[in-house]
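K.L.:
Below: one structure in structure tokens.
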Amino acid sequence: MNDQINIALPKGRLGERVYAVLCEAGYGSADGDVNSRKLVFDYGGVRYFWVKPSDVPIYVERGAADLGVCGSDILLEQDPDVYELADLHTGVCRIAVAAKKGFRDDPGRVLRVATKFENTARRYYAGIGRQVDIIKLNGSIELAPLLGLSDVIVDIVETGTTLRENGLEVVETIADVSARLIANKSSYKFKTGKIKAVQASLSAVTER
Amino acid sequence: MMISDKLTSLYRRCGYERYKMGKFEEYGLYSEHRSFLPPGGMITFTDTDGRLMALKPDVTLSIVRNSRDGVSAKYCYSESVFRAGDDGRFAEVQQTGLEYIGEPDPVCVAEVLMLAGLSLDVISGENALGVSHLGLLSMTADRLGVQGEDREKLLYRIGHRNAHGALEICRAAGYDGERLLLSLLDADPSPDEAEKTLYALSDGRAWDEVVKALFSAIRSARGAGFDFSVVADAGYYNGIVFRGYVAGVPKAVLSGGEYGNLMIKMGKKNSAAGFAVYLDRLPAYEDENEEKIDQAVIYGDKTDPAKVAEQMRRVLEEGGSVRAVRENADPACKKTVDLR
């Protein structure tokens, strides 16, 4: 079996932050291909892929990558069959219910919820026994309550600035979110030593 | 020979009888035990007498239903089942496996585990069989003071090797489970090392007995190792549980265990153990080294058909295999006889 470790990184700020941590842990070089437009690049015995953040668990679950980094919001939503080896304590935010300021929930009506986290929202409201109408959107979720498309939204909240600027506020936090190191279950069996070494190095840097 | 044939041949050489079943059964059998089945629905239809039927999504439930109390049985099977595949769409899936049904018997459990290991050897030389014990999981959750809904969450996180998430639950329950949990999740899988680790975590006789049963089972399968992340539904399983992987295949290709609790749920007095091999997860489960046909009989437009038939009959009567091949075709056989 090929001994190379394949790591799927999420494109964007989180991926860049995590790659910087990997460099600090000795698994990459800031001078290398990270700044180019290459989707795949090698460093030492490691091959990196830049993929869409929500696709990271798919690459890992299907074995195209041995390891991956993605937000816990994506794991909560997709529930992939992977190992979740470490909390990297970076990319910290939360997944929350937000609504227009002063919104009061009327329990006599079905609550309209706009979100791209369909499964997470459905599970959350089923857990509190609230009947909801889930409206799946792919972006600009904040717009939905402003235009009367939904009563509330379920979305990622970092600083809350976007919400405030649009006259919205957090009603309830569903879960705290941070970047997680995930592993393919089969790869973990056959590349145990290398995977544990990456895990230990990353944890050492992120838990400082 | 196809892998499924090699596997059933292996099981039959160990005394497992071939179990053959119909393509569909009453829906009720499966709907009552949905959580025993893999996620995804099943294909149902109404029979001519109005009964709701299902194309069978699993073999074990059917074997258990037809088992008789007080009678031991060993069955193997290689059947098509109909269930949602990894892509969420219905598919016909080849499932091969075996079941032991009878008195609780550590020797039979060891035999099942040994055959699980040998099954992985048939599929690939590079394989791993992870084994755990639900008693160990249950006692660990008790020691960590985790009950109810949180217990389910804890087992889920252990199954995902999510140590940080599992520790959060323990801390919320007022326990610092760091030593116990991390020792179990990080234990070296090799039986000798893992056994030492587990005995060092002992808190009494019940723990020691489970550890003893666990390692006695692990040592019966060559190359098997301890893996605390192997979890299964405690509503169905009650003892040894295991999962098998082969290098290059991203998901488990084999899973099984002791499922005494399923037997109780189905009103049976026997205990049971078994496993299924998921051949659909292998990239191509046709054996690359499939044996060639012994003889190709090449014929042309002017060849007498009776002569071709006679040649073929001769080979068949000698116990060989033969294929009639028109001229210029690639025979891919060990030997050729040209009758043109």
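By convention here, the chains of the structure tokens are called A, B, ... in the order presented, each chain's residues are numbered starting at 1, and ligands are numbered starting at 1 in the order presented.
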So which residues of range 24-205 of chain A fall under alpha helix (DSSP H) by DSSP, listed as a ChimeraX atom specification?
P.N.:
/A:24,56-61,72-78,118-127,143-146,161-165,185-190,192-205
K.L.:
Go ahead and write the residues just picked, C-alpha atoms, as a compact mmCIF listing (two decimals), in the first residue's frame.
P.N.:
```txt
# COMPACT_ATOMS: atom_id res chain seq x y z
CA GLU A 24 4.57 24.95 12.10
CA VAL A 56 -13.75 17.53 2.75
CA PRO A 57 -15.71 14.80 4.61
CA ILE A 58 -16.65 13.19 1.28
CA TYR A 59 -13.00 12.98 0.18
CA VAL A 60 -12.08 11.46 3.54
CA GLU A 61 -15.03 9.08 3.89
CA SER A 72 -17.59 20.74 13.05
CA ASP A 73 -20.69 22.39 11.50
CA ILE A 74 -20.09 20.31 8.36
CA LEU A 75 -19.67 17.12 10.41
CA LEU A 76 -22.87 17.90 12.30
CA GLU A 77 -24.72 18.38 9.02
CA GLN A 78 -23.33 15.45 7.02
CA GLU A 118 -31.00 21.34 6.62
CA ASN A 119 -30.24 18.23 8.69
CA THR A 120 -28.86 20.15 11.65
CA ALA A 121 -31.92 22.42 11.77
CA ARG A 122 -34.33 19.52 11.36
CA ARG A 123 -32.63 17.55 14.17
CA TYR A 124 -32.50 20.58 16.47
CA TYR A 125 -36.19 21.40 16.12
CA ALA A 126 -37.22 17.72 16.33
CA GLY A 127 -35.24 17.60 19.60
CA LEU A 143 -31.96 37.88 3.54
CA ALA A 144 -34.75 35.35 4.18
CA PRO A 145 -36.34 36.90 7.31
CA LEU A 146 -35.86 40.42 5.92
CA THR A 161 -21.53 41.79 12.64
CA THR A 162 -23.42 40.64 9.52
CA LEU A 163 -26.47 39.87 11.65
CA ARG A 164 -26.36 43.24 13.40
CA GLU A 165 -25.94 45.11 10.13
CA LYS A 185 -11.44 4.65 9.07
CA SER A 186 -9.61 2.24 6.81
CA SER A 187 -6.56 4.49 6.36
CA TYR A 188 -6.34 4.78 10.14
CA LYS A 189 -5.87 1.01 10.30
CA PHE A 190 -3.11 0.82 7.71
CA THR A 192 -1.75 4.35 11.97
CA GLY A 193 1.76 5.55 12.81
CA LYS A 194 1.82 8.38 10.28
CA ILE A 195 -1.72 9.53 11.04
CA LYS A 196 -1.06 9.55 14.79
CA ALA A 197 2.14 11.53 14.20
CA VAL A 198 0.24 14.23 12.23
CA GLN A 199 -2.48 14.24 14.90
CA ALA A 200 0.04 14.63 17.73
CA SER A 201 1.98 17.39 15.96
CA LEU A 202 -1.18 19.34 15.15
CA SER A 203 -2.56 18.95 18.67
CA ALA A 204 0.76 20.08 20.14
CA VAL A 205 0.58 23.31 18.11
```
K.L.:
Kindly provide, as a ChimeraX atom specification, the residues of chain B having any atom no farther than 8 Å from an atom of chain A, counting only C-alpha atoms.
P.N.:
/B:128,159-164,245-252
K.L.:
Please, what distance in Å, to one decimal, runs between CA of Val97 in chain A and CA of Ala114 in chain A?
P.N.:
9.8 Å
K.L.:
State, in Å with one decimal place, the distance from CA of Val157 in chain A to CA of Ala98 in chain A.
P.N.:
9.0 Å
K.L.:
Quick one, how far is CA of Lys11 in chain A from CA of Ile156 in chain A?
P.N.:
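Spanning CA of Lys11 in chain A to CA of Ile156 in chain A is a straight-line distance of 17.1 Å.
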K.L.:
So, with only C-alpha atoms as the atoms that count, which of B:Gly135, B:Gly165, B:Pro104, B:Gly257 lies closest to Ser72 in chain B?
P.N.:
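Ranking B:Gly135, B:Gly165, B:Pro104, B:Gly257 by distance to Ser72 in chain B, first place goes to B:Pro104.
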K.L.:
Determine, counting only C-alpha atoms, which protein, DNA and RNA residues have an atom within 8 Å of an atom of Gln4 in chain A; residues of the same chain fewer than 2 positions away are not included. Present the result as a list in words.
P.N.:
Asn2, Asn6, Gly45, Val46 and Arg47 of chain A
K.L.:
From range 2-150 of chain A, collect each residue whose DSSP state is strand (DSSP E or B) and return the set as a PyMOL selection string.
P.N.:
chain A and resi 5-10+40-43+46-51+67-71+83-87+93-100+111-115+132-136
K.L.:
So that I can check the surroundings of Lys307 in chain B, please list as JSON, numbers by chain every protein, DNA and RNA residue that reaches within 12 Å of it, counting only C-alpha atoms and ignoring chain neighbours fewer than 6 positions away.
P.N.:
{"B": [297, 298, 299, 300, 313, 314, 324, 337, 338, 339, 340]}
K.L.:
What does the file look like for those residues with C-alpha atoms, as a PDB file, in the first residue's frame?
P.N.:
```
ATOM      1  CA  VAL B 297     -12.315 -26.239 -29.541  1.00  0.00           C
ATOM      2  CA  ILE B 298     -11.841 -24.042 -32.592  1.00  0.00           C
ATOM      3  CA  TYR B 299     -14.244 -24.515 -35.469  1.00  0.00           C
ATOM      4  CA  GLY B 300     -14.920 -22.865 -38.819  1.00  0.00           C
ATOM      5  CA  ARG B 313     -18.209 -34.347 -24.669  1.00  0.00           C
ATOM      6  CA  ARG B 314     -14.833 -36.084 -24.363  1.00  0.00           C
ATOM      7  CA  ALA B 324     -16.355 -24.021 -28.515  1.00  0.00           C
ATOM      8  CA  VAL B 337      -7.898 -28.177 -30.378  1.00  0.00           C
ATOM      9  CA  ASP B 338      -8.375 -26.917 -33.940  1.00  0.00           C
ATOM     10  CA  LEU B 339     -11.118 -28.786 -35.858  1.00  0.00           C
ATOM     11  CA  ARG B 340     -11.093 -26.589 -38.978  1.00  0.00           C
TER      12      ARG B 340
END
```
K.L.:
Find, counting only C-alpha atoms, the residue in B:Glu126, B:Glu103, B:Asp188, B:Glu168 that gets nearest to Arg68 in chain B.
P.N.:
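Once distances to Arg68 in chain B are computed over only C-alpha atoms, the minimum belongs to B:Glu103.
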